[in-house]
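Listing of work09.cif; format and content: mmCIF, C-alpha atoms.
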```cif
data_my_file
#
loop_
_atom_site.label_atom_id
_atom_site.label_comp_id
_atom_site.auth_asym_id
_atom_site.auth_seq_id
_atom_site.Cartn_x
_atom_site.Cartn_y
_atom_site.Cartn_z
CA MET X 12 121.54 136.41 57.43
CA THR X 13 123.23 138.05 54.49
CA LEU X 14 126.93 137.66 53.84
CA ARG X 15 127.52 141.24 54.98
CA LEU X 16 125.78 140.63 58.31
CA ARG X 17 127.65 137.37 58.86
CA LEU X 18 131.02 139.00 58.14
CA MET X 19 130.24 141.96 60.40
CA ALA X 20 128.98 139.69 63.20
CA GLY X 21 132.10 137.54 62.94
CA LEU X 22 134.40 140.57 63.01
CA VAL X 23 132.58 142.10 66.00
CA ALA X 24 132.59 138.74 67.80
CA LEU X 25 136.34 138.35 67.29
CA CYS X 26 136.98 141.88 68.53
CA ALA X 27 134.69 141.29 71.52
CA LEU X 28 136.61 138.12 72.33
CA GLY X 29 139.92 139.98 72.09
CA LEU X 30 138.66 142.79 74.30
CA ALA X 31 137.29 140.28 76.82
CA VAL X 32 140.60 138.43 76.99
CA ALA X 33 142.56 141.67 77.31
CA GLY X 34 140.15 143.06 79.94
CA THR X 35 140.22 139.84 81.97
CA ALA X 36 144.01 139.75 81.88
CA SER X 37 144.28 143.40 82.91
CA ALA X 38 141.76 142.91 85.76
CA PHE X 39 143.68 139.91 87.12
CA ALA X 40 146.98 141.75 86.73
CA LEU X 41 145.63 144.77 88.62
CA ARG X 42 144.20 142.57 91.36
CA ALA X 43 147.53 140.74 91.74
CA TYR X 44 149.37 144.07 91.87
CA LEU X 45 147.04 145.49 94.53
CA LEU X 46 147.27 142.30 96.60
CA ALA X 47 151.06 142.49 96.40
CA ARG X 48 150.95 146.06 97.69
CA VAL X 49 148.65 145.04 100.53
CA ASP X 50 151.00 142.18 101.40
CA ASP X 51 153.95 144.56 101.33
CA GLN X 52 152.15 146.90 103.73
CA LEU X 53 151.40 144.03 106.10
CA VAL X 54 154.96 142.84 106.38
CA ARG X 55 156.47 146.31 106.43
CA VAL X 56 159.21 146.83 108.98
CA GLU X 57 157.44 149.48 110.98
CA GLN X 58 154.41 147.25 111.51
CA LEU X 59 155.81 143.94 112.66
CA GLY X 60 159.35 143.35 111.50
CA GLY X 61 160.99 146.65 112.43
CA ALA X 62 161.00 146.00 116.14
CA THR X 63 162.21 143.23 118.32
CA PRO X 64 159.55 141.11 120.02
CA THR X 65 160.22 142.87 123.33
CA ILE X 66 159.73 146.39 121.85
CA MET X 67 156.61 145.28 119.97
CA THR X 68 155.18 143.75 123.12
CA ASN X 69 155.81 146.99 124.99
CA ARG X 70 153.95 148.95 122.27
CA LEU X 71 150.98 146.62 122.53
CA ARG X 72 150.98 147.06 126.32
CA LEU X 73 150.90 150.82 125.90
CA LEU X 74 147.89 150.46 123.60
CA GLU X 75 146.18 148.28 126.16
CA ARG X 76 146.88 150.74 129.00
CA SER X 77 145.49 153.62 126.96
CA GLY X 78 142.14 151.86 127.02
CA GLY X 79 141.34 152.95 123.48
CA ASP X 80 140.39 150.63 120.60
CA GLN X 81 141.08 153.06 117.74
CA VAL X 82 144.33 154.64 116.67
CA ASP X 83 144.36 158.22 115.49
CA GLY X 84 145.45 158.88 111.91
CA PRO X 85 144.30 157.75 108.45
CA SER X 86 144.98 154.08 109.02
CA ASP X 87 142.75 151.21 107.89
CA TYR X 88 144.62 148.48 109.76
CA LEU X 89 142.80 146.07 112.01
CA LEU X 90 144.81 144.60 114.90
CA GLU X 91 143.63 141.77 117.08
CA ILE X 92 145.66 140.88 120.18
CA ARG X 93 145.03 137.68 122.07
CA ARG X 94 146.75 137.47 125.47
CA PRO X 95 147.85 134.17 126.98
CA ASN X 96 144.82 134.26 129.29
CA GLY X 97 142.49 134.25 126.25
CA MET X 98 141.46 137.88 126.36
CA VAL X 99 141.25 139.54 122.92
CA ARG X 100 141.74 143.22 122.20
CA ARG X 101 140.73 144.66 118.81
CA ILE X 102 142.26 147.96 117.68
CA THR X 103 141.26 149.70 114.40
CA GLY X 104 142.50 152.70 112.53
CA ALA X 105 140.53 155.84 111.90
CA ALA X 106 140.01 154.85 108.23
CA SER X 107 139.17 151.22 108.92
CA PRO X 108 135.70 150.00 107.93
CA THR X 109 133.40 148.60 110.58
CA PRO X 110 135.08 145.33 111.65
CA PRO X 111 133.10 142.09 111.46
CA SER X 112 131.54 140.74 114.60
CA THR X 113 133.49 137.51 114.24
CA LEU X 114 137.12 137.72 115.31
CA LEU X 115 139.58 137.31 112.47
CA LEU X 116 141.77 135.25 114.82
CA ASP X 117 138.95 132.73 115.22
CA ALA X 118 138.16 132.69 111.48
CA ALA X 119 141.86 132.19 110.62
CA ALA X 120 142.16 129.46 113.24
CA ARG X 121 139.21 127.59 111.73
CA ALA X 122 140.83 127.89 108.32
CA GLY X 123 144.16 126.60 109.67
CA ARG X 124 146.06 129.74 108.68
CA LEU X 125 147.61 130.78 112.03
CA THR X 126 151.26 130.16 112.89
CA SER X 127 151.98 127.74 115.70
CA VAL X 128 155.30 128.98 117.17
CA ALA X 129 157.01 132.31 117.73
CA PRO X 130 159.42 133.36 114.95
CA ARG X 131 163.09 133.46 115.79
CA THR X 132 163.86 136.46 113.50
CA ASN X 133 161.95 139.29 111.90
CA SER X 134 162.14 137.52 108.58
CA ASP X 135 160.02 134.71 109.98
CA VAL X 136 156.82 136.73 109.81
CA SER X 137 154.01 134.54 108.49
CA HIS X 138 153.14 134.72 104.84
CA PRO X 139 150.09 136.94 104.19
CA PHE X 140 146.86 135.04 103.86
CA THR X 141 143.22 135.83 103.15
CA VAL X 142 140.62 135.39 105.86
CA THR X 143 136.86 135.85 105.56
CA ALA X 144 134.61 136.77 108.47
CA ASP X 145 130.91 137.62 108.16
CA GLY X 146 131.30 138.03 104.41
CA ALA X 147 134.14 140.57 104.72
CA ARG X 148 137.49 139.59 103.25
CA TYR X 149 140.78 140.65 104.82
CA ARG X 150 144.43 140.12 104.03
CA ALA X 151 146.30 139.34 107.25
CA VAL X 152 149.55 138.24 108.90
CA ASP X 153 149.95 137.00 112.44
CA ARG X 154 152.83 136.61 114.92
CA VAL X 155 153.21 134.71 118.18
CA TYR X 156 155.44 136.40 120.75
CA ALA X 157 157.64 134.71 123.34
CA GLU X 158 155.37 135.65 126.19
CA GLY X 159 152.49 133.83 124.46
CA SER X 160 150.59 136.76 122.99
CA ARG X 161 149.32 136.48 119.42
CA VAL X 162 148.89 139.51 117.21
CA LEU X 163 146.99 139.53 113.88
CA VAL X 164 147.33 142.54 111.62
CA ALA X 165 144.84 142.74 108.73
CA LEU X 166 143.88 145.09 105.93
CA PRO X 167 140.43 145.00 104.29
CA LEU X 168 140.29 143.82 100.67
CA ARG X 169 137.24 145.92 99.85
CA PRO X 170 139.36 148.73 98.29
CA VAL X 171 141.05 146.14 96.10
CA ALA X 172 137.68 144.69 95.03
CA ASP X 173 136.25 148.17 94.46
CA THR X 174 139.22 149.17 92.31
CA VAL X 175 139.01 145.99 90.24
CA ARG X 176 135.23 146.41 89.80
CA ARG X 177 135.72 150.00 88.71
CA LEU X 178 138.29 148.88 86.16
CA VAL X 179 135.90 146.19 84.87
CA ARG X 180 133.08 148.73 84.51
CA ILE X 181 135.37 151.11 82.63
CA GLU X 182 136.53 148.30 80.36
CA LEU X 183 132.93 147.25 79.68
CA ALA X 184 131.90 150.79 78.80
CA VAL X 185 134.96 151.41 76.63
CA GLY X 186 134.64 147.96 75.02
CA ALA X 187 130.97 148.56 74.17
CA ALA X 188 131.84 151.93 72.61
CA VAL X 189 134.71 150.37 70.65
CA LEU X 190 132.45 147.56 69.39
CA LEU X 191 129.78 150.03 68.29
CA VAL X 192 132.31 152.14 66.39
CA LEU X 193 133.87 148.99 64.93
CA ALA X 194 130.46 147.67 63.85
CA ALA X 195 129.66 150.96 62.10
CA LEU X 196 133.04 151.03 60.33
CA ALA X 197 132.77 147.35 59.40
CA TRP X 198 129.30 147.91 57.97
CA MET X 199 130.52 150.77 55.78
CA LEU X 200 133.63 148.91 54.63
CA LEU X 201 131.72 145.70 53.92
CA THR X 202 129.03 147.64 52.07
CA ARG X 203 131.70 149.14 49.85
CA GLY X 204 133.68 145.93 49.52
CA LEU X 205 130.66 143.78 48.64
CA ARG X 206 129.26 146.23 46.07
CA PRO X 207 130.77 144.19 43.17
CA LEU X 208 128.97 141.10 44.45
CA ARG X 209 125.65 142.95 44.46
CA GLN X 210 126.36 144.07 40.90
CA MET X 211 127.03 140.45 39.98
CA ILE X 212 123.71 139.45 41.53
CA GLY X 213 121.92 142.12 39.48
CA THR X 214 123.70 140.99 36.33
CA ALA X 215 122.83 137.35 37.00
CA ALA X 216 119.17 138.31 37.54
CA ALA X 217 119.13 140.24 34.26
CA ILE X 218 120.70 137.30 32.43
CA ALA X 219 118.12 134.97 33.99
CA ASP X 220 115.42 137.28 32.56
CA GLY X 221 116.89 136.79 29.08
CA ASP X 222 119.40 139.63 28.69
CA LEU X 223 122.37 137.51 27.62
CA ASP X 224 124.39 140.56 26.57
CA ARG X 225 124.84 141.80 30.14
CA ARG X 226 128.32 141.56 31.64
CA VAL X 227 129.85 142.15 35.07
CA SER X 228 132.07 145.22 35.43
CA ALA X 229 135.58 144.21 36.54
CA ASP X 230 137.48 147.28 37.75
CA ASP X 231 140.44 145.72 39.57
CA SER X 232 141.63 142.44 38.11
CA ARG X 233 144.04 141.94 41.06
CA SER X 234 141.28 141.65 43.66
CA GLU X 235 139.24 138.53 44.29
CA THR X 236 136.04 140.20 43.14
CA GLY X 237 137.74 141.42 39.97
CA GLN X 238 139.02 137.93 39.20
CA LEU X 239 135.56 136.51 39.90
CA ALA X 240 133.99 139.11 37.59
CA ALA X 241 136.45 138.25 34.80
CA ALA X 242 135.74 134.53 35.21
CA LEU X 243 131.98 135.18 35.17
CA ASN X 244 132.27 137.29 32.01
CA THR X 245 134.21 134.51 30.29
CA MET X 246 131.64 131.97 31.39
CA LEU X 247 128.76 134.19 30.26
CA ALA X 248 130.37 134.66 26.86
CA GLN X 249 130.70 130.91 26.46
CA ILE X 250 127.12 130.37 27.61
CA GLN X 251 125.86 133.00 25.17
CA ALA X 252 127.83 131.40 22.34
CA ALA X 253 126.45 128.00 23.28
CA PHE X 254 122.90 129.39 23.37
CA ALA X 255 123.37 131.03 19.98
CA ALA X 256 124.74 127.82 18.51
CA ARG X 257 121.90 125.84 20.04
CA VAL X 258 119.30 128.27 18.70
CA ALA X 259 120.91 128.16 15.26
CA SER X 260 120.93 124.38 15.37
CA GLN X 261 117.30 124.23 16.44
CA GLU X 262 116.33 126.71 13.74
CA GLN X 263 118.17 124.62 11.18
CA GLU X 264 116.38 121.53 12.40
CA ARG X 265 113.01 123.28 12.21
CA ARG X 266 113.71 124.51 8.68
CA PHE X 267 114.80 121.09 7.58
CA ALA X 268 111.80 119.43 9.23
CA ALA X 269 109.48 121.87 7.45
CA ASP X 270 111.31 121.36 4.16
CA ALA X 271 111.33 117.60 4.64
CA ALA X 272 107.59 117.57 5.34
CA HIS X 273 107.01 119.68 2.26
CA GLU X 274 109.28 117.53 0.09
CA LEU X 275 107.85 114.26 1.35
CA ARG X 276 104.35 115.41 0.52
CA THR X 277 105.15 115.51 -3.22
CA PRO X 278 106.38 111.90 -3.66
CA LEU X 279 103.66 110.66 -1.31
CA THR X 280 101.05 112.40 -3.45
CA SER X 281 102.51 110.81 -6.59
CA ILE X 282 102.66 107.35 -5.00
CA ARG X 283 99.08 107.66 -3.78
CA GLY X 284 97.95 108.88 -7.22
CA TYR X 285 99.60 105.98 -9.05
CA ALA X 286 98.18 103.55 -6.49
CA ASP X 287 94.66 104.94 -6.95
CA LEU X 288 94.98 104.75 -10.74
CA LEU X 289 96.31 101.19 -10.66
CA ARG X 290 93.62 100.04 -8.26
CA ALA X 291 90.88 101.70 -10.33
CA GLY X 292 92.24 100.09 -13.53
CA MET X 293 92.67 103.46 -15.20
CA VAL X 294 96.29 102.76 -16.28
CA PRO X 295 96.61 101.04 -19.69
CA ALA X 296 98.40 97.72 -19.65
CA GLN X 297 101.32 99.11 -21.63
CA ASP X 298 101.80 101.89 -19.02
CA THR X 299 101.65 99.67 -15.92
CA ASP X 300 105.41 99.10 -15.79
CA ALA X 301 106.01 102.83 -16.16
CA ALA X 302 103.59 103.58 -13.33
CA LEU X 303 105.25 101.02 -11.07
CA ARG X 304 108.63 102.44 -12.03
CA ARG X 305 107.47 105.89 -11.00
CA VAL X 306 106.17 104.52 -7.69
CA GLN X 307 109.56 102.95 -7.07
CA ALA X 308 111.37 106.16 -8.05
CA GLU X 309 109.25 108.26 -5.73
CA ALA X 310 109.82 105.75 -2.92
CA THR X 311 113.56 106.02 -3.57
CA ARG X 312 113.27 109.78 -3.47
CA MET X 313 111.52 109.57 -0.10
CA ALA X 314 114.31 107.34 1.21
CA THR X 315 116.82 109.98 0.08
CA LEU X 316 114.95 112.65 2.01
CA VAL X 317 114.93 110.44 5.08
CA ASP X 318 118.69 109.96 4.69
CA ASP X 319 119.12 113.72 4.58
CA LEU X 320 117.19 114.02 7.82
CA LEU X 321 119.38 111.40 9.50
CA TYR X 322 122.49 113.12 8.14
CA LEU X 323 121.40 116.42 9.65
CA ALA X 324 120.93 114.72 13.01
CA TYR X 325 124.45 113.31 12.69
CA LEU X 326 125.84 116.77 11.85
CA ASP X 327 124.19 118.23 14.96
CA LEU X 328 125.70 115.47 17.10
CA ALA X 329 129.13 116.00 15.55
CA HIS X 330 128.87 119.76 16.18
CA HIS X 331 128.14 119.30 19.90
CA ASP X 332 130.50 116.35 20.31
CA PRO X 333 133.55 116.66 18.01
CA ALA X 334 134.84 113.33 19.30
CA HIS X 335 131.78 111.58 17.85
CA HIS X 336 132.67 108.93 15.25
CA ASN X 337 130.56 107.40 12.58
CA PRO X 338 129.63 103.71 12.76
CA GLY X 339 132.58 102.85 10.53
CA GLY X 340 135.02 103.94 13.20
CA ARG X 341 136.35 107.04 11.40
CA PRO X 342 135.25 110.62 12.03
CA ASP X 343 133.14 111.84 9.13
CA THR X 344 134.21 115.45 8.46
CA ALA X 345 132.67 115.75 4.98
CA GLY X 346 129.79 118.17 4.78
CA LEU X 347 130.13 119.52 8.34
CA ASP X 348 129.06 122.91 6.98
CA GLY X 349 125.46 121.65 7.01
CA GLN X 350 125.33 120.41 3.38
CA ARG X 351 125.51 116.79 2.35
CA PRO X 352 128.08 116.09 -0.41
CA LEU X 353 126.23 116.26 -3.73
CA PRO X 354 126.53 113.21 -6.08
CA MET X 355 127.35 115.07 -9.31
CA ALA X 356 126.79 113.10 -12.51
CA GLU X 357 125.54 113.50 -16.11
CA PHE X 358 121.85 112.73 -16.73
CA ASP X 359 118.90 113.54 -18.99
CA LEU X 360 116.96 116.50 -17.65
CA ALA X 361 114.19 115.97 -20.23
CA ALA X 362 113.48 112.54 -18.74
CA VAL X 363 113.29 114.10 -15.28
CA VAL X 364 110.68 116.62 -16.50
CA ARG X 365 108.65 113.88 -18.26
CA ASP X 366 108.55 111.90 -15.01
CA ALA X 367 107.43 115.00 -13.08
CA VAL X 368 104.65 115.61 -15.60
CA ALA X 369 103.58 111.99 -15.29
CA ASP X 370 103.49 112.37 -11.54
CA LEU X 371 101.32 115.48 -11.91
CA ARG X 372 98.85 113.61 -14.14
CA ALA X 373 98.70 110.75 -11.60
CA ALA X 374 98.12 113.14 -8.68
CA ALA X 375 95.52 115.25 -10.52
CA PRO X 376 94.05 113.29 -13.45
CA ASN X 377 91.50 116.03 -14.17
CA ARG X 378 94.11 118.74 -14.53
CA PRO X 379 95.26 119.31 -18.12
CA VAL X 380 99.05 119.38 -18.51
CA HIS X 381 101.25 119.42 -21.62
CA ALA X 382 105.07 119.37 -21.78
CA GLU X 383 107.10 120.54 -24.74
CA LEU X 384 110.49 118.86 -24.41
CA PRO X 385 113.40 117.97 -26.67
CA PRO X 386 114.15 114.27 -27.05
CA THR X 387 117.11 114.58 -24.69
CA CYS X 388 118.75 117.27 -22.56
CA LEU X 389 121.99 116.07 -20.97
CA VAL X 390 123.20 118.10 -17.99
CA HIS X 391 125.81 117.61 -15.24
CA GLY X 392 124.51 117.90 -11.69
CA ASP X 393 122.64 116.25 -8.84
CA ILE X 394 119.75 114.33 -10.33
CA ASP X 395 117.93 114.01 -6.99
CA ALA X 396 118.12 117.75 -6.30
CA LEU X 397 116.92 118.69 -9.78
CA ARG X 398 114.16 116.08 -9.66
CA GLN X 399 113.09 117.64 -6.36
CA LEU X 400 113.19 121.13 -7.91
CA VAL X 401 111.03 120.23 -10.91
CA GLY X 402 108.61 118.32 -8.70
CA ASN X 403 108.23 121.31 -6.39
CA LEU X 404 107.49 123.64 -9.30
CA LEU X 405 104.75 121.41 -10.67
CA THR X 406 103.33 120.74 -7.21
CA ASN X 407 103.07 124.49 -6.54
CA ALA X 408 101.35 124.93 -9.94
CA ARG X 409 98.88 122.14 -9.12
CA ILE X 410 98.09 123.52 -5.64
CA HIS X 411 98.10 127.29 -6.20
CA THR X 412 96.73 127.64 -9.77
#
```

If you convert what's in this file into structure tokens, what do you get?
Amino acid sequence: MTLRLRLMAGLVALCALGLAVAGTASAFALRAYLLARVDDQLVRVEQLGGATPTIMTNRLRLLERSGGDQVDGPSDYLLEIRRPNGMVRRITGAASPTPPSTLLLDAAARAGRLTSVAPRTNSDVSHPFTVTADGARYRAVDRVYAEGSRVLVALPLRPVADTVRRLVRIELAVGAAVLLVLAALAWMLLTRGLRPLRQMIGTAAAIADGDLDRRVSADDSRSETGQLAAALNTMLAQIQAAFAARVASQEQERRFAADAAHELRTPLTSIRGYADLLRAGMVPAQDTDAALRRVQAEATRMATLVDDLLYLAYLDLAHHDPAHHNPGGRPDTAGLDGQRPLPMAEFDLAAVVRDAVADLRAAAPNRPVHAELPPTCLVHGDIDALRQLVGNLLTNARIHT
């Protein structure tokens, strides 16, 4: 499930729970109210309490003499009269439902709800109770008279149950309609509220495809989505800067590796040339020391190039980890711009060119080469860099001409 569906389902579930609690409470409250009204009707003065036992007994005798078992008028009362001799008379109102075949007096007796003695005052009428006979539920009160007769007056609880069921059906219908409307409104509001998140997802997908310049639009910086968008933009800017720095560092490493391979090829060619000449005995005895000196110089030059490579690796580590320290225990900040400090000194440039020419003759003995140089040419600079420059020029001439 998507976040929108989960939020909408949670909101609808909470509202459904609230409606269920409210509907249940209202149904129980209505049922209690209707039962209270039924109880009030049962104990009303004109039914049992408004007459003395003698007057009430006389009324019952009149009903018995009439021979009828139904009272005219819109009454739904059910009266059961049990005489001392055990005979039972049942009298219903015109609006009473069909009474159960089982006597309510017998059902109440089995349930232990009947009073045992005659009340001394009208206020001693028994408390209303519920009695069930043949599946029909009634609310009833009973009274025992001095002469031994027992009268049970009952009202059916079906109207109460029907009213409560009708209320429950109405609440279910209204609750379902409310939940549908709420779900539709929640869907629209969540769709609008989560639009910035969908834009962030699209931006993240574009960035994953390589578009590092994309940013999330942050309209309202006070909202949570606006704050998230601002934080994501800051993070994306930092990531882009880190990528750019990493690419620049890798490009620098590639350039240096290519340059180092190119520069190492020249001294290696010279060393191999001198070695071949010495092994073939083509170097005069008076020039052997010079040849060995050139081999040593080229080896030293190769060591310098290797040092430059190690220094570049150290610079890359110091760039990504400013807290990095050199082996001596102090941070080395010299040359952090990518260039190693140059050892400037005064030297003879003519001697450097003579050595480069000698290296060319050793690498290509069959190639004619002639150098016109002054006896000395003192300059101030980096002897290793200039030696590398002259060597590259002659190497390019040997290879490409």

> In terms of the shortest atom-to-atom distance over all atoms listed in the file, which of X:Cys388, X:Ile250, X:Leu166, X:Val227 is closest to Asp87 (chain X)?
Replying inline: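 So, comparing all the options, the nearest one is X:Leu166.
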
Please write out, as lines of an AutoDock Vina configuration file, where the centre of an axis-aligned box around all listed atoms of region 373-382 of chain X lies and how long its edges are, in Å to one decimal, after adding 3 Å on each side.
```
center_x = 98.3
center_y = 115.1
center_z = -15.2
size_x = 19.6
size_y = 14.7
size_z = 19.1
```

> When distances are computed from only C-alpha atoms, which of X:Ala373, X:Leu53, X:Leu163, X:Met246 shows the smallest separation from Glu91 (chain X)?
Replying inline: X:Leu163

> How many Å lie between CA of Arg101 (chain X) and CA of Leu125 (chain X), rounded to one decimal?
Replying inline: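 Rounded to one decimal, the two atoms are 16.9 Å apart.
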
> Which one of X:Ala252, X:Leu18, X:Ala241, X:Ala375 sits closest to Gly284 (chain X) if you count all atoms listed in the file?
Replying inline: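 With all atoms listed in the file as the atom set, the closest residue is X:Ala375.
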
>> With 8 Å as the threshold, what does the neighbourhood of (144.3, 135.7, 102.3) contain in terms of residues, counting only C-alpha atoms? Coordinates are those of the file; answer as a ChimeraX atom specification.
In response: /X:139-142,148-151

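Using only C-alpha atoms for every distance, the candidate list X:Thr126, X:Gln297, X:Gln307, X:Ser112 yields X:Thr126 as the residue closest to Val155 (chain X).
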